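Participant: What follows is the file input.tsv, containing TSV, C-alpha atoms and all ligand atoms:
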chain	number	residue	atom	x	y	z
A	1	MET	CA	-4.40	41.14	87.38
A	2	ILE	CA	-6.74	38.53	85.93
A	3	LEU	CA	-5.53	36.45	82.96
A	4	ARG	CA	-8.35	34.55	81.24
A	5	ILE	CA	-7.40	31.32	79.51
A	6	ALA	CA	-8.93	29.05	76.85
A	7	MET	CA	-7.53	25.51	76.71
A	8	ILE	CA	-7.73	23.56	73.45
A	9	GLY	CA	-6.96	19.97	74.46
A	10	PHE	CA	-7.42	18.57	77.94
A	11	GLY	CA	-5.50	15.27	77.86
A	12	ASN	CA	-2.36	14.30	79.81
A	13	VAL	CA	-0.67	17.70	79.56
A	14	GLY	CA	-3.86	19.78	79.81
A	15	GLN	CA	-4.99	17.99	82.96
A	16	GLU	CA	-1.51	18.18	84.52
A	17	PHE	CA	-1.40	21.92	83.73
A	18	ALA	CA	-4.80	22.31	85.44
A	19	ARG	CA	-3.42	20.51	88.53
A	20	LEU	CA	-0.36	22.78	88.45
A	21	LEU	CA	-2.54	25.92	88.25
A	22	LEU	CA	-4.56	24.70	91.25
A	23	ALA	CA	-1.39	23.85	93.22
A	24	LYS	CA	0.22	27.23	92.42
A	25	ARG	CA	-2.93	29.38	92.71
A	26	ASP	CA	-1.99	30.94	96.09
A	27	TRP	CA	1.64	31.37	95.05
A	28	LEU	CA	0.58	33.11	91.82
A	29	LEU	CA	-1.70	35.50	93.71
A	30	ARG	CA	0.79	36.17	96.50
A	31	THR	CA	4.00	36.59	94.52
A	32	LYS	CA	2.80	37.66	91.06
A	33	GLY	CA	-0.56	39.25	91.84
A	34	LEU	CA	-2.00	36.99	89.14
A	35	ASP	CA	-5.36	35.27	89.08
A	36	ALA	CA	-5.30	32.82	86.16
A	37	GLU	CA	-8.87	31.81	85.24
A	38	VAL	CA	-9.77	29.12	82.71
A	39	LEU	CA	-12.91	30.21	80.79
A	40	ALA	CA	-13.04	27.46	78.16
A	41	ILE	CA	-11.87	23.90	77.57
A	42	ALA	CA	-12.18	22.03	74.26
A	43	THR	CA	-11.64	18.31	73.70
A	44	LYS	CA	-12.41	16.14	70.68
A	45	THR	CA	-14.59	13.44	72.27
A	46	LYS	CA	-14.84	14.23	76.00
A	47	GLY	CA	-17.03	17.33	75.84
A	48	SER	CA	-16.21	21.05	75.78
A	49	LEU	CA	-17.00	23.98	78.09
A	50	ILE	CA	-17.32	27.75	77.64
A	51	SER	CA	-18.13	30.23	80.38
A	52	LYS	CA	-18.08	33.96	81.24
A	53	ARG	CA	-16.66	33.10	84.66
A	54	ALA	CA	-13.79	30.89	85.85
A	55	LEU	CA	-14.45	27.19	85.41
A	56	ASP	CA	-14.00	24.99	88.48
A	57	LEU	CA	-10.84	23.07	87.51
A	58	ASP	CA	-11.18	20.65	90.43
A	59	LYS	CA	-14.61	19.72	89.10
A	60	CYS	CA	-13.29	19.34	85.52
A	61	LEU	CA	-10.50	17.01	86.68
A	62	ARG	CA	-12.94	15.00	88.82
A	63	LEU	CA	-15.43	14.63	85.95
A	64	ILE	CA	-12.72	13.47	83.53
A	65	LYS	CA	-11.43	10.97	86.09
A	66	GLU	CA	-14.83	9.61	87.16
A	67	ASP	CA	-17.00	9.97	84.02
A	68	GLY	CA	-14.30	10.17	81.34
A	69	SER	CA	-16.12	13.28	80.09
A	70	LEU	CA	-16.84	16.96	80.88
A	71	SER	CA	-20.41	16.65	79.59
A	72	ALA	CA	-22.06	16.61	83.02
A	73	TYR	CA	-20.37	19.89	84.10
A	74	GLY	CA	-23.50	22.04	83.73
A	75	PRO	CA	-24.88	24.75	81.40
A	76	GLU	CA	-21.31	25.67	80.43
A	77	THR	CA	-21.22	22.52	78.27
A	78	THR	CA	-21.05	23.39	74.56
A	79	THR	CA	-21.05	21.72	71.19
A	80	LEU	CA	-19.08	24.59	69.61
A	81	SER	CA	-15.95	23.59	67.69
A	82	PRO	CA	-12.53	24.59	69.07
A	83	LYS	CA	-12.34	27.45	66.53
A	84	GLN	CA	-15.81	28.67	67.48
A	85	ILE	CA	-14.85	28.49	71.16
A	86	ILE	CA	-11.74	30.59	70.44
A	87	GLY	CA	-13.92	33.09	68.56
A	88	GLU	CA	-16.62	33.34	71.21
A	89	CYS	CA	-14.83	33.14	74.54
A	90	ASP	CA	-13.44	36.19	76.33
A	91	ALA	CA	-9.98	34.71	76.92
A	92	ASP	CA	-6.77	36.74	76.81
A	93	LEU	CA	-4.59	33.68	76.19
A	94	MET	CA	-5.11	30.37	74.40
A	95	ILE	CA	-3.19	27.20	75.32
A	96	GLU	CA	-3.02	24.68	72.44
A	97	LEU	CA	-2.55	21.09	73.65
A	98	SER	CA	-4.14	18.98	70.93
A	99	PRO	CA	-2.21	15.96	69.56
A	100	LEU	CA	0.64	16.19	67.05
A	101	ASN	CA	-0.34	15.72	63.40
A	102	ILE	CA	3.00	14.76	61.83
A	103	LYS	CA	1.73	15.12	58.26
A	104	THR	CA	0.46	18.72	58.35
A	105	GLY	CA	0.54	20.16	61.89
A	106	GLN	CA	-3.25	20.69	61.63
A	107	PRO	CA	-5.74	21.50	63.13
A	108	ALA	CA	-3.44	23.02	65.75
A	109	ILE	CA	-2.07	25.57	63.25
A	110	ASP	CA	-5.61	26.82	62.54
A	111	HIS	CA	-6.42	26.97	66.28
A	112	ILE	CA	-3.31	29.09	66.86
A	113	LYS	CA	-4.01	31.35	63.85
A	114	ALA	CA	-7.59	31.92	65.05
A	115	ALA	CA	-6.40	32.86	68.54
A	116	LEU	CA	-3.63	35.18	67.30
A	117	GLU	CA	-6.03	36.81	64.81
A	118	SER	CA	-8.41	37.62	67.64
A	119	GLY	CA	-5.61	39.20	69.67
A	120	MET	CA	-4.94	36.39	72.14
A	121	ASP	CA	-1.50	35.43	73.40
A	122	VAL	CA	-0.78	31.77	72.60
A	123	ILE	CA	1.20	29.03	74.35
A	124	THR	CA	1.58	25.53	72.95
A	125	ALA	CA	3.38	22.25	73.68
A	126	ASN	CA	2.36	20.89	70.25
A	127	LYS	CA	5.44	20.76	67.99
A	128	GLY	CA	3.38	20.44	64.77
A	129	PRO	CA	2.72	24.18	64.37
A	130	ILE	CA	6.37	25.08	65.05
A	131	ALA	CA	7.63	22.41	62.65
A	132	PHE	CA	5.18	23.29	59.83
A	133	ALA	CA	4.22	26.95	60.20
A	134	TYR	CA	6.57	28.77	62.58
A	135	SER	CA	7.46	31.71	60.32
A	136	ASP	CA	3.79	32.44	59.46
A	137	LEU	CA	2.68	32.14	63.07
A	138	ILE	CA	5.41	34.30	64.58
A	139	ARG	CA	4.85	36.94	61.87
A	140	LEU	CA	1.13	36.95	62.66
A	141	ALA	CA	1.80	37.17	66.43
A	142	ARG	CA	4.16	40.13	65.90
A	143	SER	CA	1.73	41.91	63.59
A	144	LYS	CA	-0.97	41.55	66.26
A	145	GLY	CA	1.36	42.56	69.11
A	146	VAL	CA	0.74	39.35	71.04
A	147	HIS	CA	2.94	36.60	72.47
A	148	PHE	CA	3.54	33.15	70.99
A	149	ARG	CA	5.53	30.75	73.20
A	150	PHE	CA	6.25	27.03	72.83
A	151	GLU	CA	8.91	25.91	75.33
A	152	GLY	CA	7.27	22.48	75.86
A	153	THR	CA	7.40	21.41	72.22
A	154	VAL	CA	10.86	19.82	72.09
A	155	MET	CA	12.36	18.91	75.47
A	156	ASP	CA	9.31	19.24	77.71
A	157	GLY	CA	10.14	21.69	80.53
A	158	THR	CA	13.91	21.66	79.95
A	159	PRO	CA	14.68	25.14	78.65
A	160	VAL	CA	15.92	25.16	75.08
A	161	PHE	CA	14.08	27.97	73.29
A	162	ASN	CA	14.08	30.14	76.41
A	163	LEU	CA	17.73	29.26	77.07
A	164	VAL	CA	18.73	30.74	73.72
A	165	GLU	CA	16.31	33.66	73.78
A	166	LYS	CA	16.86	34.75	77.37
A	167	THR	CA	20.45	33.80	78.14
A	168	LEU	CA	22.38	33.87	74.85
A	169	PRO	CA	21.52	37.28	73.39
A	170	GLY	CA	23.74	38.16	70.44
A	171	CYS	CA	24.96	34.59	69.90
A	172	GLU	CA	24.45	33.16	66.43
A	173	ILE	CA	23.33	29.53	66.40
A	174	LEU	CA	25.58	27.72	63.94
A	175	GLY	CA	24.21	24.22	64.36
A	176	LEU	CA	22.22	21.85	66.55
A	177	SER	CA	22.47	18.18	67.36
A	178	GLY	CA	20.51	16.12	69.80
A	179	ILE	CA	19.02	12.92	71.11
A	180	LEU	CA	15.44	14.10	70.87
A	181	ASN	CA	13.32	10.94	70.89
A	182	SER	CA	13.29	9.14	74.21
A	183	THR	CA	11.56	5.97	72.94
A	184	SER	CA	14.29	5.32	70.32
A	185	ASN	CA	16.99	6.09	72.87
A	186	PHE	CA	15.42	3.67	75.36
A	187	VAL	CA	15.06	0.94	72.72
A	188	LEU	CA	18.72	1.30	71.65
A	189	ALA	CA	19.89	1.10	75.29
A	190	GLU	CA	17.73	-2.01	75.92
A	191	MET	CA	19.11	-3.62	72.74
A	192	ALA	CA	22.64	-2.92	74.03
A	193	SER	CA	21.75	-4.91	77.14
A	194	GLY	CA	20.74	-7.88	74.97
A	195	LYS	CA	17.00	-7.41	74.31
A	196	SER	CA	15.45	-7.61	70.86
A	197	MET	CA	13.96	-4.45	69.35
A	198	GLU	CA	10.44	-5.95	69.59
A	199	ASP	CA	10.85	-6.73	73.31
A	200	ALA	CA	12.36	-3.30	74.01
A	201	ILE	CA	9.38	-1.61	72.29
A	202	LYS	CA	6.96	-3.75	74.33
A	203	ILE	CA	8.69	-2.66	77.58
A	204	ALA	CA	8.46	1.00	76.47
A	205	GLN	CA	4.73	0.54	75.73
A	206	LYS	CA	4.15	-1.16	79.09
A	207	ARG	CA	5.91	1.70	80.88
A	208	GLY	CA	3.58	4.12	79.09
A	209	PHE	CA	5.96	6.31	77.06
A	210	ALA	CA	5.68	4.54	73.68
A	211	GLU	CA	2.47	4.69	71.67
A	212	ALA	CA	0.55	1.56	70.67
A	213	ASP	CA	1.83	2.43	67.18
A	214	PRO	CA	5.49	3.30	67.86
A	215	SER	CA	6.34	4.02	64.21
A	216	LEU	CA	6.47	7.81	64.76
A	217	ASP	CA	9.36	7.20	67.15
A	218	ILE	CA	11.08	4.24	65.49
A	219	GLU	CA	10.96	5.71	61.97
A	220	GLY	CA	12.41	9.00	63.23
A	221	TRP	CA	9.37	11.22	62.54
A	222	ASP	CA	9.14	12.57	66.09
A	223	ALA	CA	12.86	13.49	66.10
A	224	ALA	CA	12.43	15.02	62.61
A	225	ALA	CA	9.58	17.24	63.84
A	226	LYS	CA	11.65	18.32	66.86
A	227	ILE	CA	14.84	19.20	64.95
A	228	THR	CA	12.71	21.09	62.42
A	229	ALA	CA	11.02	23.07	65.19
A	230	LEU	CA	14.39	23.91	66.76
A	231	ALA	CA	15.98	24.89	63.45
A	232	ASN	CA	12.98	26.97	62.34
A	233	VAL	CA	13.14	29.02	65.54
A	234	MET	CA	16.88	29.18	66.21
A	235	MET	CA	18.30	29.12	62.66
A	236	ASP	CA	15.44	30.50	60.54
A	237	ALA	CA	15.45	27.20	58.59
A	238	ARG	CA	11.91	27.61	57.12
A	239	ALA	CA	11.75	23.81	56.84
A	240	ASN	CA	9.14	21.17	57.60
A	241	PRO	CA	9.60	17.56	58.81
A	242	LYS	CA	9.16	16.15	55.30
A	243	LEU	CA	12.38	17.92	54.22
A	244	VAL	CA	14.48	16.14	56.86
A	245	ASP	CA	16.92	13.49	55.59
A	246	ARG	CA	15.39	10.88	57.88
A	247	GLN	CA	16.41	7.39	58.83
A	248	GLY	CA	14.98	5.87	62.01
A	249	ILE	CA	16.34	3.01	64.12
A	250	GLY	CA	14.24	0.34	62.36
A	251	GLY	CA	17.30	-0.84	60.39
A	252	VAL	CA	19.64	-1.04	63.41
A	253	SER	CA	20.40	-4.68	64.25
A	254	GLN	CA	21.62	-6.38	67.39
A	255	LEU	CA	24.80	-7.08	65.44
A	256	ASP	CA	25.40	-3.36	64.77
A	257	ILE	CA	25.05	-2.61	68.47
A	258	GLU	CA	27.31	-5.50	69.55
A	259	LYS	CA	29.95	-4.46	67.02
A	260	ALA	CA	29.87	-0.88	68.34
A	261	ALA	CA	30.05	-2.13	71.96
A	262	ARG	CA	33.17	-4.23	71.21
A	263	GLN	CA	34.89	-0.97	70.16
A	264	ARG	CA	33.54	0.76	73.31
A	265	LYS	CA	31.06	2.73	71.23
A	266	LYS	CA	27.28	3.17	71.21
A	267	VAL	CA	24.62	3.58	68.51
A	268	LYS	CA	22.43	6.66	69.06
A	269	LEU	CA	19.67	8.28	66.99
A	270	ILE	CA	21.03	11.77	66.34
A	271	ALA	CA	19.02	14.68	64.94
A	272	SER	CA	21.09	17.51	63.46
A	273	ALA	CA	20.79	20.90	61.85
A	274	VAL	CA	23.81	22.21	59.95
A	275	ARG	CA	24.05	25.52	58.11
A	276	THR	CA	25.53	25.23	54.62
A	277	GLY	CA	25.58	28.62	52.94
A	278	ASP	CA	22.03	29.99	52.89
A	279	CYS	CA	20.49	26.56	53.63
A	280	VAL	CA	20.01	24.63	56.83
A	281	LYS	CA	20.40	20.87	56.30
A	282	LEU	CA	18.34	18.73	58.64
A	283	SER	CA	18.90	15.04	59.30
A	284	VAL	CA	17.89	12.25	61.66
A	285	LYS	CA	19.95	9.06	61.57
A	286	PRO	CA	21.61	6.41	63.73
A	287	GLU	CA	25.23	7.35	64.45
A	288	ILE	CA	28.08	5.65	66.28
A	289	ILE	CA	29.48	7.70	69.17
A	290	GLY	CA	32.45	7.22	71.50
A	291	THR	CA	33.09	7.82	75.21
A	292	ASP	CA	34.22	11.39	74.56
A	293	ASP	CA	30.85	12.38	73.06
A	294	PRO	CA	28.63	14.52	75.33
A	295	PHE	CA	25.75	12.12	74.50
A	296	TRP	CA	27.66	9.03	75.77
A	297	SER	CA	25.83	8.90	79.12
A	298	VAL	CA	22.43	10.00	77.74
A	299	ASP	CA	20.68	6.64	78.05
A	300	GLY	CA	17.18	5.37	78.78
A	301	THR	CA	14.39	7.92	78.37
A	302	SER	CA	16.73	10.91	78.68
A	303	SER	CA	17.23	13.48	75.91
A	304	ALA	CA	19.96	15.99	75.16
A	305	LEU	CA	20.67	18.91	72.86
A	306	THR	CA	23.96	20.51	71.86
A	307	ILE	CA	23.67	24.09	70.64
A	308	LYS	CA	26.66	25.25	68.60
A	309	THR	CA	27.18	28.99	68.87
A	310	ASP	CA	29.64	31.54	67.45
A	311	LEU	CA	30.49	33.20	70.76
A	312	MET	CA	29.88	30.57	73.44
A	313	GLY	CA	31.14	27.41	71.73
A	314	ASP	CA	29.04	24.30	72.25
A	315	ILE	CA	26.46	24.17	75.03
A	316	THR	CA	24.84	20.83	75.90
A	317	ILE	CA	21.69	20.51	77.98
A	318	VAL	CA	20.40	17.14	79.22
A	319	GLU	CA	16.93	16.17	80.37
A	320	ARG	CA	16.81	13.10	82.62
A	321	ASP	CA	13.74	10.83	82.39
A	322	HIS	CA	10.91	13.22	81.63
A	323	LEU	CA	7.51	13.24	83.37
A	324	VAL	CA	4.35	14.94	82.11
A	325	THR	CA	4.71	17.42	85.02
A	326	GLN	CA	7.70	18.87	83.18
A	327	THR	CA	5.65	19.55	80.04
A	328	ALA	CA	2.94	21.17	82.17
A	329	TYR	CA	5.70	23.23	83.79
A	330	ALA	CA	6.86	24.38	80.33
A	331	VAL	CA	3.36	25.79	79.72
A	332	PHE	CA	3.35	27.35	83.20
A	333	SER	CA	6.80	28.93	82.73
A	334	ASP	CA	5.70	30.32	79.35
A	335	LEU	CA	2.66	31.80	81.07
A	336	LEU	CA	4.91	33.54	83.61
A	337	LEU	CA	7.08	34.92	80.78
A	338	VAL	CA	3.98	36.26	79.00
A	339	LEU	CA	2.90	37.91	82.26
A	340	GLU	CA	6.35	39.46	82.76
A	341	SER	CA	6.34	40.76	79.18
A	342	ILE	CA	2.82	42.22	79.48
A	343	ARG	CA	3.86	44.00	82.67
A	344	SER	CA	7.07	45.39	81.23
A	345	GLY	CA	5.24	46.47	78.08
A	346	THR	CA	7.55	44.48	75.79
A	347	ILE	CA	6.74	41.92	73.14
A	348	ARG	CA	9.07	39.14	72.11
B	401	LIG	N1	2.54	13.98	77.01
B	401	LIG	C1	3.72	14.59	77.08
B	401	LIG	O1	4.51	14.34	78.00
B	401	LIG	C2	4.11	15.62	76.05
B	401	LIG	C3	5.42	16.12	76.04
B	401	LIG	C4	5.76	17.13	75.14
B	401	LIG	C5	4.82	17.60	74.23
B	401	LIG	N2	3.56	17.05	74.23
B	401	LIG	C6	2.58	17.55	73.26
B	401	LIG	O2	1.50	18.17	73.96
B	401	LIG	C7	0.28	17.98	73.25
B	401	LIG	C8	-0.73	17.31	74.19
B	401	LIG	O3	-0.22	16.05	74.59
B	401	LIG	P1	-1.07	15.08	75.52
B	401	LIG	O4	-0.16	14.01	75.98
B	401	LIG	O5	-1.85	15.89	76.52
B	401	LIG	O6	-2.10	14.49	74.44
B	401	LIG	P2	-3.46	13.70	74.74
B	401	LIG	O7	-3.42	13.12	76.11
B	401	LIG	O8	-3.69	12.83	73.58
B	401	LIG	O9	-4.56	14.86	74.77
B	401	LIG	C9	-4.92	15.57	73.62
B	401	LIG	C10	-6.15	16.40	73.91
B	401	LIG	O10	-6.51	17.12	72.73
B	401	LIG	C11	-7.89	16.83	72.41
B	401	LIG	N3	-8.05	16.87	70.96
B	401	LIG	C12	-7.79	15.91	70.04
B	401	LIG	N4	-8.05	16.37	68.81
B	401	LIG	C13	-8.52	17.63	68.97
B	401	LIG	C14	-9.03	18.60	68.09
B	401	LIG	N5	-9.09	18.39	66.76
B	401	LIG	N6	-9.47	19.79	68.60
B	401	LIG	C15	-9.41	20.02	69.94
B	401	LIG	N7	-8.95	19.13	70.83
B	401	LIG	C16	-8.52	17.96	70.35
B	401	LIG	C17	-8.12	15.46	72.99
B	401	LIG	O11	-9.51	15.22	73.13
B	401	LIG	P3	-10.04	13.70	73.29
B	401	LIG	O12	-9.46	13.19	74.59
B	401	LIG	O13	-11.50	13.84	73.31
B	401	LIG	O14	-9.49	12.94	72.12
B	401	LIG	C18	-7.37	15.60	74.32
B	401	LIG	O15	-8.16	16.35	75.22
B	401	LIG	C19	0.62	17.10	72.03
B	401	LIG	O16	0.78	17.92	70.90
B	401	LIG	C20	1.94	16.45	72.42
B	401	LIG	O17	2.74	16.14	71.30
B	401	LIG	C21	3.19	16.09	75.12
The structure in this file should be written as structure tokens.

Facilitator:
Amino acid sequence: MILRIAMIGFGNVGQEFARLLLAKRDWLLRTKGLDAEVLAIATKTKGSLISKRALDLDKCLRLIKEDGSLSAYGPETTTLSPKQIIGECDADLMIELSPLNIKTGQPAIDHIKAALESGMDVITANKGPIAFAYSDLIRLARSKGVHFRFEGTVMDGTPVFNLVEKTLPGCEILGLSGILNSTSNFVLAEMASGKSMEDAIKIAQKRGFAEADPSLDIEGWDAAAKITALANVMMDARANPKLVDRQGIGGVSQLDIEKAARQRKKVKLIASAVRTGDCVKLSVKPEIIGTDDPFWSVDGTSSALTIKTDLMGDITIVERDHLVTQTAYAVFSDLLLVLESIRSGTIR
């Protein structure tokens, strides 16, 4: 079977996914009988490509590395917009990997709508569309009989959505709580070892996991988008990140952390979703936790999520020190689930 792919976004995750496809090409053919071909790639400033035949991913990766652009690829180079590319290419599946827009989730939502409308399956690692438009997008996917998967949006390749969907059938999700922003978690741990917040942020930037503008992390916006995405999917919250009662770690002082440490406690940025009647209340705020808390040993750039269920009690899953390979793997694992579903004739 040939699965033809359009990629919108070819940055860190897109390029790592391309490397993963190349590394797993023989395995995919041998064990799954699948030939995954990329027919189109769109970027914002580094050129875009559209083709009737499989693009040479090795060449794309080499051009990006050496020229910083896909423009010298050949006649496949195009000036079409991402939406035009989605409309004109013959792909079966679109992978959306453009950056998060925390204010609206756009233009990723429009890219996904366009792909679903034209009958493509969609995979994304961009949490914006799940945080702002999940119910519309999943309804559209179902009405078109296509797949919409997004495992990489919250904890990279660590299974959270698939964990619930595939292994907890029949369980009701009563609540969620998690350490979902690794930069804040790292900064709090560094502050506990005596560093100032400014110095801790600089270390995080130097190590490459905090943005030049770390406010999305420090002000709790990233965690707010993630808890919204989780609650929209697992608890039908129909929320967006602006509705989250949000307080980042900006107001946490060295004194607060020292005081907690003297009582053998830690300050952690906790994102939660709690059902109250027909509503789901979402919050992100610094909380003090003790040694008996499952998040006690979740330090550094690790993340964790506790899923509260009616039949299985609390389940906690921890991701240790994420790498971009894990996000690329989330996209790859979603692709395998789409393949399995196509073959078994079922739709999510
Ligand atoms: N990096 C991670 O480890 C990680 C983990 C979990 C989730 N994610 C999510 O995965 C997505 C991709 O992350 P990333 O690290 O690969 O980001 P990135 O390195 O910034 O790459 C983003 C890509 O999207 C392109 N792009 C920007 N605006 C676009 C637009 N309007 N239309 C089409 N393409 C556009 C960029 O083109 P230019 O290069 O020309 O600007 C670039 O190719 C993001 O939503 C991110 O939140 C990332």

Participant: So which residues are near ligand LIG 401 (chain B), meaning at most 8 Å away with only C-alpha atoms and all ligand atoms counted, given back as a PyMOL selection string?

Facilitator: chain A and resi 8-15+42-47+81-82+96-101+107-108+124-128+152-156+322-327

Participant: Smallest atom-to-atom distance to Thr291 in chain A: which of A:Ser344, A:Leu339, A:Cys279, A:Ala261, using all atoms listed in the file?

Facilitator: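 Counting all atoms listed in the file, the residue closest to Thr291 in chain A is A:Ala261.
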
Participant: Skip Ala304 in chain A itself and residues of its chain fewer than 5 positions away, then list as an MDAnalysis selection string all residues within 8 Å of it, counting all atoms listed in the file.

Facilitator: chainID A and resid 178:180 295 298 316:319

Participant: Considering only C-alpha atoms, can you say which of A:Leu61, A:Leu80, A:Ala189, A:Leu20 comes closest to Thr301 in chain A?

Facilitator: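 Distance minimum relative to Thr301 in chain A lands on A:Ala189.
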
Participant: Using all atoms listed in the file, which of A:Ile218, A:Ala210, A:Cys89, A:Val280 sits nearest Leu243 in chain A?

Facilitator: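 Of the candidates, the smallest distance to Leu243 in chain A is held by A:Val280.
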
Participant: N, CA, C and O atoms for range 136-150 of chain A, written as a short mmCIF file (atom, residue, chain, number, x, y, z; two decimals), in the coordinates of the input, could you do that?

Facilitator:
data_model
loop_
_atom_site.label_atom_id
_atom_site.label_comp_id
_atom_site.auth_asym_id
_atom_site.auth_seq_id
_atom_site.Cartn_x
_atom_site.Cartn_y
_atom_site.Cartn_z
N ASP A 136 5.10 31.77 59.62
CA ASP A 136 3.79 32.44 59.46
C ASP A 136 3.21 32.83 60.82
O ASP A 136 2.67 33.92 60.99
N LEU A 137 3.33 31.90 61.77
CA LEU A 137 2.68 32.14 63.07
C LEU A 137 3.38 33.25 63.85
O LEU A 137 2.73 34.10 64.44
N ILE A 138 4.70 33.26 63.82
CA ILE A 138 5.41 34.30 64.58
C ILE A 138 5.20 35.67 63.92
O ILE A 138 5.05 36.69 64.61
N ARG A 139 5.12 35.67 62.57
CA ARG A 139 4.85 36.94 61.87
C ARG A 139 3.47 37.47 62.27
O ARG A 139 3.30 38.65 62.57
N LEU A 140 2.49 36.54 62.29
CA LEU A 140 1.13 36.95 62.66
C LEU A 140 1.11 37.47 64.11
O LEU A 140 0.51 38.52 64.39
N ALA A 141 1.79 36.74 65.02
CA ALA A 141 1.80 37.17 66.43
C ALA A 141 2.40 38.57 66.54
O ALA A 141 1.87 39.44 67.23
N ARG A 142 3.51 38.81 65.82
CA ARG A 142 4.16 40.13 65.90
C ARG A 142 3.27 41.22 65.32
O ARG A 142 3.18 42.31 65.87
N SER A 143 2.58 40.87 64.20
CA SER A 143 1.73 41.91 63.59
C SER A 143 0.55 42.25 64.50
O SER A 143 0.02 43.35 64.46
N LYS A 144 0.15 41.30 65.35
CA LYS A 144 -0.97 41.55 66.26
C LYS A 144 -0.49 42.06 67.62
O LYS A 144 -1.31 42.35 68.50
N GLY A 145 0.83 42.09 67.82
CA GLY A 145 1.36 42.56 69.11
C GLY A 145 1.06 41.63 70.26
O GLY A 145 0.82 42.07 71.39
N VAL A 146 1.03 40.32 69.97
CA VAL A 146 0.74 39.35 71.04
C VAL A 146 1.89 38.34 71.15
O VAL A 146 2.78 38.30 70.29
N HIS A 147 1.86 37.54 72.21
CA HIS A 147 2.94 36.60 72.47
C HIS A 147 2.62 35.22 71.90
O HIS A 147 1.47 34.79 71.91
N PHE A 148 3.69 34.53 71.45
CA PHE A 148 3.54 33.15 70.99
C PHE A 148 4.72 32.38 71.57
O PHE A 148 5.86 32.61 71.19
N ARG A 149 4.45 31.47 72.51
CA ARG A 149 5.53 30.75 73.20
C ARG A 149 5.28 29.24 73.11
O ARG A 149 4.14 28.79 73.07
N PHE A 150 6.38 28.46 73.16
CA PHE A 150 6.25 27.03 72.83
C PHE A 150 7.36 26.21 73.48
O PHE A 150 7.87 25.28 72.88
#
